[in-house]
$ cat final_28.pdb   # PDB, C-alpha atoms
ATOM      1  CA  MET A 266      63.704 102.818  85.073  1.00  0.00           C
ATOM      2  CA  ARG A 267      63.479 106.556  84.534  1.00  0.00           C
ATOM      3  CA  ASP A 268      62.040 107.997  81.322  1.00  0.00           C
ATOM      4  CA  PHE A 269      64.601 109.050  78.740  1.00  0.00           C
ATOM      5  CA  ASP A 270      64.759 110.060  75.096  1.00  0.00           C
ATOM      6  CA  THR A 271      67.933 109.368  73.113  1.00  0.00           C
ATOM      7  CA  THR A 272      66.969 111.320  69.978  1.00  0.00           C
ATOM      8  CA  PHE A 273      69.638 113.970  70.479  1.00  0.00           C
ATOM      9  CA  TYR A 274      72.197 112.723  72.976  1.00  0.00           C
ATOM     10  CA  PHE A 275      74.772 115.355  73.914  1.00  0.00           C
ATOM     11  CA  ILE A 276      78.126 114.276  75.409  1.00  0.00           C
ATOM     12  CA  THR A 277      80.411 116.789  77.076  1.00  0.00           C
ATOM     13  CA  ASP A 278      84.098 117.612  76.719  1.00  0.00           C
ATOM     14  CA  SER A 279      85.320 120.111  79.294  1.00  0.00           C
ATOM     15  CA  SER A 280      89.010 119.986  78.377  1.00  0.00           C
ATOM     16  CA  PRO A 281      89.286 123.187  76.275  1.00  0.00           C
ATOM     17  CA  TYR A 282      87.339 125.417  78.676  1.00  0.00           C
ATOM     18  CA  THR A 283      87.277 127.027  82.063  1.00  0.00           C
ATOM     19  CA  GLU A 284      84.566 125.671  84.324  1.00  0.00           C
ATOM     20  CA  ILE A 285      82.392 128.744  83.778  1.00  0.00           C
ATOM     21  CA  GLU A 286      82.737 128.474  80.001  1.00  0.00           C
ATOM     22  CA  PHE A 287      82.043 124.744  80.114  1.00  0.00           C
ATOM     23  CA  LEU A 288      78.884 125.051  82.196  1.00  0.00           C
ATOM     24  CA  ASP A 289      77.642 127.846  79.965  1.00  0.00           C
ATOM     25  CA  ARG A 290      78.121 125.678  76.871  1.00  0.00           C
ATOM     26  CA  VAL A 291      76.295 122.777  78.500  1.00  0.00           C
ATOM     27  CA  ASP A 292      73.369 125.032  79.357  1.00  0.00           C
ATOM     28  CA  LYS A 293      73.214 126.403  75.813  1.00  0.00           C
ATOM     29  CA  ALA A 294      73.332 122.915  74.322  1.00  0.00           C
ATOM     30  CA  LEU A 295      70.434 121.799  76.497  1.00  0.00           C
ATOM     31  CA  SER A 296      68.430 124.911  75.725  1.00  0.00           C
ATOM     32  CA  GLY A 297      68.936 124.151  72.031  1.00  0.00           C
ATOM     33  CA  GLY A 298      67.173 120.822  72.229  1.00  0.00           C
ATOM     34  CA  ALA A 299      69.414 118.081  73.610  1.00  0.00           C
ATOM     35  CA  THR A 300      67.208 115.298  74.976  1.00  0.00           C
ATOM     36  CA  LEU A 301      69.846 113.435  76.988  1.00  0.00           C
ATOM     37  CA  LEU A 302      73.113 114.625  78.553  1.00  0.00           C
ATOM     38  CA  GLN A 303      76.221 112.598  79.316  1.00  0.00           C
ATOM     39  CA  LEU A 304      78.971 114.033  81.482  1.00  0.00           C
ATOM     40  CA  ARG A 305      82.217 112.490  80.275  1.00  0.00           C
ATOM     41  CA  GLU A 306      85.383 113.208  82.256  1.00  0.00           C
ATOM     42  CA  LYS A 307      88.372 110.965  81.627  1.00  0.00           C
ATOM     43  CA  ASN A 308      91.049 112.839  83.540  1.00  0.00           C
ATOM     44  CA  ARG A 309      89.507 114.101  86.782  1.00  0.00           C
ATOM     45  CA  SER A 310      89.898 112.734  90.257  1.00  0.00           C
ATOM     46  CA  THR A 311      86.820 111.216  91.878  1.00  0.00           C
ATOM     47  CA  ARG A 312      86.314 114.304  94.011  1.00  0.00           C
ATOM     48  CA  GLU A 313      86.649 116.639  91.024  1.00  0.00           C
ATOM     49  CA  TYR A 314      84.285 114.492  88.974  1.00  0.00           C
ATOM     50  CA  ILE A 315      81.635 114.534  91.698  1.00  0.00           C
ATOM     51  CA  ASP A 316      81.980 118.282  92.218  1.00  0.00           C
ATOM     52  CA  LEU A 317      81.493 119.001  88.526  1.00  0.00           C
ATOM     53  CA  ALA A 318      78.677 116.464  88.244  1.00  0.00           C
ATOM     54  CA  PHE A 319      76.649 118.243  90.931  1.00  0.00           C
ATOM     55  CA  LYS A 320      76.987 121.515  89.013  1.00  0.00           C
ATOM     56  CA  VAL A 321      76.010 119.905  85.718  1.00  0.00           C
ATOM     57  CA  LYS A 322      73.100 118.136  87.401  1.00  0.00           C
ATOM     58  CA  GLU A 323      71.720 121.500  88.514  1.00  0.00           C
ATOM     59  CA  ILE A 324      71.708 122.717  84.906  1.00  0.00           C
ATOM     60  CA  ALA A 325      70.214 119.455  83.631  1.00  0.00           C
ATOM     61  CA  ARG A 326      67.404 119.558  86.176  1.00  0.00           C
ATOM     62  CA  ALA A 327      66.593 123.165  85.290  1.00  0.00           C
ATOM     63  CA  ARG A 328      66.315 122.150  81.623  1.00  0.00           C
ATOM     64  CA  ASN A 329      64.471 118.912  82.445  1.00  0.00           C
ATOM     65  CA  VAL A 330      67.100 116.784  80.690  1.00  0.00           C
ATOM     66  CA  PRO A 331      68.244 113.460  82.220  1.00  0.00           C
ATOM     67  CA  LEU A 332      71.909 113.308  83.238  1.00  0.00           C
ATOM     68  CA  ILE A 333      74.061 110.264  82.506  1.00  0.00           C
ATOM     69  CA  VAL A 334      77.573 109.883  83.963  1.00  0.00           C
ATOM     70  CA  ASP A 335      80.198 108.196  81.810  1.00  0.00           C
ATOM     71  CA  ASP A 336      82.093 105.187  83.209  1.00  0.00           C
ATOM     72  CA  ARG A 337      81.684 105.859  86.914  1.00  0.00           C
ATOM     73  CA  VAL A 338      78.971 104.006  88.804  1.00  0.00           C
ATOM     74  CA  ASP A 339      80.255 105.478  92.073  1.00  0.00           C
ATOM     75  CA  VAL A 340      79.885 109.040  90.786  1.00  0.00           C
ATOM     76  CA  ALA A 341      76.409 108.305  89.444  1.00  0.00           C
ATOM     77  CA  LEU A 342      75.361 107.056  92.867  1.00  0.00           C
ATOM     78  CA  ALA A 343      77.010 109.899  94.755  1.00  0.00           C
ATOM     79  CA  VAL A 344      75.365 112.569  92.621  1.00  0.00           C
ATOM     80  CA  GLU A 345      72.039 110.707  92.319  1.00  0.00           C
ATOM     81  CA  CYS A 346      71.867 111.376  88.608  1.00  0.00           C
ATOM     82  CA  ASP A 347      69.708 109.447  86.132  1.00  0.00           C
ATOM     83  CA  GLY A 348      72.121 106.837  84.902  1.00  0.00           C
ATOM     84  CA  VAL A 349      75.534 105.677  83.778  1.00  0.00           C
ATOM     85  CA  HIS A 350      77.124 104.818  80.435  1.00  0.00           C
ATOM     86  CA  LEU A 351      79.588 101.933  80.284  1.00  0.00           C
ATOM     87  CA  GLY A 352      82.226 101.075  77.709  1.00  0.00           C
ATOM     88  CA  GLN A 353      83.560  97.628  76.913  1.00  0.00           C
ATOM     89  CA  SER A 354      86.427  98.058  79.392  1.00  0.00           C
ATOM     90  CA  ASP A 355      84.250  99.456  82.179  1.00  0.00           C
ATOM     91  CA  MET A 356      82.192  97.645  84.799  1.00  0.00           C
ATOM     92  CA  PRO A 357      80.001  94.939  83.202  1.00  0.00           C
ATOM     93  CA  VAL A 358      76.401  96.001  82.650  1.00  0.00           C
ATOM     94  CA  LYS A 359      75.159  93.102  84.764  1.00  0.00           C
ATOM     95  CA  THR A 360      77.250  94.184  87.745  1.00  0.00           C
ATOM     96  CA  ALA A 361      76.200  97.815  87.363  1.00  0.00           C
ATOM     97  CA  ARG A 362      72.541  96.788  87.244  1.00  0.00           C
ATOM     98  CA  GLU A 363      72.951  94.754  90.427  1.00  0.00           C
ATOM     99  CA  ILE A 364      74.462  97.786  92.170  1.00  0.00           C
ATOM    100  CA  LEU A 365      72.167 100.469  90.770  1.00  0.00           C
ATOM    101  CA  GLY A 366      68.892  98.585  90.620  1.00  0.00           C
ATOM    102  CA  GLY A 367      66.090  99.360  88.209  1.00  0.00           C
ATOM    103  CA  GLY A 368      65.821 103.066  88.910  1.00  0.00           C
ATOM    104  CA  PHE A 369      68.893 104.048  86.905  1.00  0.00           C
ATOM    105  CA  VAL A 370      69.340 104.163  83.133  1.00  0.00           C
ATOM    106  CA  ILE A 371      72.309 102.094  81.949  1.00  0.00           C
ATOM    107  CA  GLY A 372      73.795 102.565  78.502  1.00  0.00           C
ATOM    108  CA  ALA A 373      76.493 100.487  76.840  1.00  0.00           C
ATOM    109  CA  THR A 374      79.006 101.136  74.099  1.00  0.00           C
ATOM    110  CA  THR A 375      78.780  98.308  71.566  1.00  0.00           C
ATOM    111  CA  LYS A 376      80.588  97.812  68.279  1.00  0.00           C
ATOM    112  CA  THR A 377      79.231  94.425  67.201  1.00  0.00           C
ATOM    113  CA  VAL A 378      75.901  92.632  67.168  1.00  0.00           C
ATOM    114  CA  GLU A 379      77.230  90.189  69.747  1.00  0.00           C
ATOM    115  CA  GLN A 380      78.214  92.973  72.147  1.00  0.00           C
ATOM    116  CA  ALA A 381      74.822  94.642  71.747  1.00  0.00           C
ATOM    117  CA  VAL A 382      72.893  91.440  72.398  1.00  0.00           C
ATOM    118  CA  GLU A 383      75.028  90.734  75.460  1.00  0.00           C
ATOM    119  CA  ALA A 384      74.525  94.266  76.806  1.00  0.00           C
ATOM    120  CA  TYR A 385      70.767  93.976  76.361  1.00  0.00           C
ATOM    121  CA  SER A 386      70.683  90.561  78.042  1.00  0.00           C
ATOM    122  CA  GLN A 387      72.580  92.001  81.019  1.00  0.00           C
ATOM    123  CA  GLY A 388      70.116  94.855  81.479  1.00  0.00           C
ATOM    124  CA  ALA A 389      71.290  97.746  79.296  1.00  0.00           C
ATOM    125  CA  ASP A 390      68.611 100.299  78.438  1.00  0.00           C
ATOM    126  CA  TYR A 391      70.267 101.608  75.270  1.00  0.00           C
ATOM    127  CA  CYS A 392      73.356 101.108  73.114  1.00  0.00           C
ATOM    128  CA  GLY A 393      75.789 103.629  71.682  1.00  0.00           C
ATOM    129  CA  VAL A 394      77.323 102.332  68.458  1.00  0.00           C
ATOM    130  CA  GLY A 395      80.389 103.688  66.693  1.00  0.00           C
ATOM    131  CA  ALA A 396      82.573 105.362  65.833  1.00  0.00           C
ATOM    132  CA  ILE A 397      80.801 105.987  62.544  1.00  0.00           C
ATOM    133  CA  TYR A 398      83.432 108.544  61.522  1.00  0.00           C
ATOM    134  CA  PRO A 399      86.913 109.261  62.929  1.00  0.00           C
ATOM    135  CA  THR A 400      86.754 111.368  66.076  1.00  0.00           C
ATOM    136  CA  THR A 401      89.215 113.485  68.026  1.00  0.00           C
ATOM    137  CA  THR A 402      87.635 112.841  71.437  1.00  0.00           C
ATOM    138  CA  LYS A 403      89.515 109.593  72.096  1.00  0.00           C
ATOM    139  CA  VAL A 404      93.080 108.498  71.493  1.00  0.00           C
ATOM    140  CA  LYS A 405      92.044 105.369  69.607  1.00  0.00           C
ATOM    141  CA  THR A 406      89.059 105.223  67.285  1.00  0.00           C
ATOM    142  CA  VAL A 407      87.644 101.922  66.035  1.00  0.00           C
ATOM    143  CA  LEU A 408      85.224 102.555  63.207  1.00  0.00           C
ATOM    144  CA  THR A 409      81.906 100.746  62.948  1.00  0.00           C
ATOM    145  CA  SER A 410      80.273 100.356  59.545  1.00  0.00           C
ATOM    146  CA  VAL A 411      76.773 101.631  58.847  1.00  0.00           C
ATOM    147  CA  GLU A 412      75.897  98.065  57.867  1.00  0.00           C
ATOM    148  CA  THR A 413      76.861  96.825  61.325  1.00  0.00           C
ATOM    149  CA  LEU A 414      74.925  99.689  62.898  1.00  0.00           C
ATOM    150  CA  SER A 415      71.799  98.611  60.992  1.00  0.00           C
ATOM    151  CA  LYS A 416      72.259  94.999  62.088  1.00  0.00           C
ATOM    152  CA  ILE A 417      72.571  96.068  65.730  1.00  0.00           C
ATOM    153  CA  CYS A 418      69.390  98.134  65.466  1.00  0.00           C
ATOM    154  CA  ALA A 419      67.575  95.054  64.176  1.00  0.00           C
ATOM    155  CA  ALA A 420      69.081  92.722  66.780  1.00  0.00           C
ATOM    156  CA  VAL A 421      68.016  94.452  70.014  1.00  0.00           C
ATOM    157  CA  PRO A 422      64.686  95.985  71.127  1.00  0.00           C
ATOM    158  CA  ILE A 423      66.284  98.860  73.039  1.00  0.00           C
ATOM    159  CA  PRO A 424      67.244 102.275  71.595  1.00  0.00           C
ATOM    160  CA  VAL A 425      70.421 102.308  69.503  1.00  0.00           C
ATOM    161  CA  ASN A 426      72.302 105.549  68.919  1.00  0.00           C
ATOM    162  CA  ALA A 427      75.047 106.287  66.416  1.00  0.00           C
ATOM    163  CA  ILE A 428      78.169 108.049  67.704  1.00  0.00           C
ATOM    164  CA  GLY A 429      81.547 109.173  66.418  1.00  0.00           C
ATOM    165  CA  GLY A 430      82.432 112.244  64.387  1.00  0.00           C
ATOM    166  CA  LEU A 431      78.822 113.117  63.651  1.00  0.00           C
ATOM    167  CA  ASN A 432      77.879 116.641  62.605  1.00  0.00           C
ATOM    168  CA  LYS A 433      75.179 118.429  60.634  1.00  0.00           C
ATOM    169  CA  ASP A 434      76.940 117.751  57.327  1.00  0.00           C
ATOM    170  CA  ASN A 435      77.335 113.974  57.509  1.00  0.00           C
ATOM    171  CA  LEU A 436      74.172 112.565  59.086  1.00  0.00           C
ATOM    172  CA  SER A 437      72.541 111.458  55.839  1.00  0.00           C
ATOM    173  CA  VAL A 438      74.519 108.187  55.901  1.00  0.00           C
ATOM    174  CA  LEU A 439      72.387 107.155  58.897  1.00  0.00           C
ATOM    175  CA  GLU A 440      69.050 107.286  57.084  1.00  0.00           C
ATOM    176  CA  GLY A 441      67.206 103.998  57.151  1.00  0.00           C
ATOM    177  CA  THR A 442      69.478 102.359  59.707  1.00  0.00           C
ATOM    178  CA  GLY A 443      66.817 102.169  62.413  1.00  0.00           C
ATOM    179  CA  ILE A 444      68.646 104.300  64.969  1.00  0.00           C
ATOM    180  CA  SER A 445      66.778 105.928  67.828  1.00  0.00           C
ATOM    181  CA  GLY A 446      69.045 108.960  67.838  1.00  0.00           C
ATOM    182  CA  ILE A 447      72.503 110.427  67.467  1.00  0.00           C
ATOM    183  CA  CYS A 448      75.278 111.188  69.951  1.00  0.00           C
ATOM    184  CA  VAL A 449      77.443 114.253  69.430  1.00  0.00           C
ATOM    185  CA  VAL A 450      80.395 115.768  71.247  1.00  0.00           C
ATOM    186  CA  SER A 451      82.632 118.112  69.270  1.00  0.00           C
ATOM    187  CA  ALA A 452      79.910 119.303  66.901  1.00  0.00           C
ATOM    188  CA  VAL A 453      78.311 121.151  69.827  1.00  0.00           C
ATOM    189  CA  MET A 454      81.138 121.549  72.346  1.00  0.00           C
ATOM    190  CA  HIS A 455      83.407 123.273  69.817  1.00  0.00           C
ATOM    191  CA  ALA A 456      80.714 125.220  67.972  1.00  0.00           C
ATOM    192  CA  ASP A 457      80.848 129.013  67.812  1.00  0.00           C
ATOM    193  CA  ASP A 458      77.199 129.034  68.902  1.00  0.00           C
ATOM    194  CA  PRO A 459      76.393 125.853  70.891  1.00  0.00           C
ATOM    195  CA  LYS A 460      72.693 126.651  71.181  1.00  0.00           C
ATOM    196  CA  ALA A 461      72.228 127.246  67.444  1.00  0.00           C
ATOM    197  CA  GLU A 462      74.205 124.114  66.596  1.00  0.00           C
ATOM    198  CA  SER A 463      72.153 122.127  69.074  1.00  0.00           C
ATOM    199  CA  GLU A 464      68.941 123.412  67.526  1.00  0.00           C
ATOM    200  CA  THR A 465      70.088 122.331  64.060  1.00  0.00           C
ATOM    201  CA  LEU A 466      71.255 118.900  65.170  1.00  0.00           C
ATOM    202  CA  SER A 467      68.099 118.340  67.206  1.00  0.00           C
ATOM    203  CA  ARG A 468      65.956 119.019  64.137  1.00  0.00           C
ATOM    204  CA  LEU A 469      68.067 116.749  61.942  1.00  0.00           C
ATOM    205  CA  ALA A 470      68.044 113.974  64.553  1.00  0.00           C
ATOM    206  CA  ARG A 471      64.262 114.058  64.796  1.00  0.00           C
ATOM    207  CA  GLY A 472      64.116 113.707  61.020  1.00  0.00           C
ATOM    208  CA  LEU A 473      66.368 110.658  61.063  1.00  0.00           C
ATOM    209  CA  VAL A 474      64.387 108.960  63.818  1.00  0.00           C
ATOM    210  CA  SER A 475      61.082 109.592  62.042  1.00  0.00           C
ATOM    211  CA  LYS A 476      62.460 107.774  58.984  1.00  0.00           C
ATOM    212  CA  LYS A 477      63.698 104.671  60.797  1.00  0.00           C
TER     213      LYS A 477
END
$ encode --input "final_28.pdb" --output "structure tokens"
Amino acid sequence: MRDFDTTFYFITDSSPYTEIEFLDRVDKALSGGATLLQLREKNRSTREYIDLAFKVKEIARARNVPLIVDDRVDVALAVECDGVHLGQSDMPVKTAREILGGGFVIGATTKTVEQAVEAYSQGADYCGVGAIYPTTTKVKTVLTSVETLSKICAAVPIPVNAIGGLNKDNLSVLEGTGISGICVVSAVMHADDPKAESETLSRLARGLVSKK
């Protein structure tokens, strides 16, 4: 398994931008302190996804930040990135691990203790838990309580990250939960200054992790 740090996990949203604007924002977010990058593309063809992933991979490598591809094991393999993140309706973690082997990072979205334990038993390297707050990045948002987040952190020995509507003004609710980091999308992607926002969130995330 490749080394990775989930402290400040940045997830992309290219929909509002031209490709040049999008890649520039990704670069600024990484330069601001993101420790892990997930390319998330829900509405691109396989060819378009792979083409964009190669371009994002170049930026990630230059910034020395691991690149995770959302949903698509085939794209992760084609681009030779660092890993894949799987939701509850995606390929099972066990199947992905059999295909990818031990050299890839595999993350799993989990909303209950049972889902987290199952993901870990199947070979997941980390869990993303949420949504903690309502979010505009998905059509349907199922909220996860902070209490459940804390129970998941205690139930599995792998990193657990909070996700969903997180920004610099609402992170305090996560103190003491035991998380290994935060995942953010809109807070950085839609910021006036992605690098400055990334710097702020990176600092706050490190503070939360140090208190777990």
$ closest_residue --input "final_28.pdb" --among "A:Gly430, A:Leu473, A:Ala343, A:Gly372" --to "A:Thr401" --atoms "only C-alpha atoms"
A:Gly430
$ resolve_selection --input "final_28.pdb" --expression "the PyMOL selection byres ((chain A and resi 472) around 12)" --output "ChimeraX atom specification"
/A:272-273,436-437,439-441,443-447,465-471,473-477
$ residues_around --input "final_28.pdb" --residues "A:Ala452" --least-positions-apart "6" --cutoff "9 Å" --atoms "only C-alpha atoms" --output "list in words"
Gly430, Leu431, Asn432, Lys433, Pro459, Glu462, Ser463 and Leu466 of chain A
$ resolve_selection --input "final_28.pdb" --expression "the PyMOL selection byres ((chain A and resi 278) around 7)" --output "short mmCIF file (atom, residue, chain, number, x, y, z; two decimals) with C-alpha atoms, keeping the file's coordinate frame"
data_model
loop_
_atom_site.label_atom_id
_atom_site.label_comp_id
_atom_site.auth_asym_id
_atom_site.auth_seq_id
_atom_site.Cartn_x
_atom_site.Cartn_y
_atom_site.Cartn_z
CA ILE A 276 78.13 114.28 75.41
CA THR A 277 80.41 116.79 77.08
CA SER A 279 85.32 120.11 79.29
CA SER A 280 89.01 119.99 78.38
CA ARG A 305 82.22 112.49 80.28
CA VAL A 450 80.40 115.77 71.25
CA MET A 454 81.14 121.55 72.35
#
$ resolve_selection --input "final_28.pdb" --expression "the PyMOL selection byres ((chain A and resi 275) around 8)" --output "PyMOL selection string"
chain A and resi 273-274+276-277+294+299-303+448-450+453
$ residues_around --input "final_28.pdb" --residues "A:Glu284" --least-positions-apart "4" --cutoff "12 Å" --atoms "all atoms listed in the file" --output "count of residues only"
13
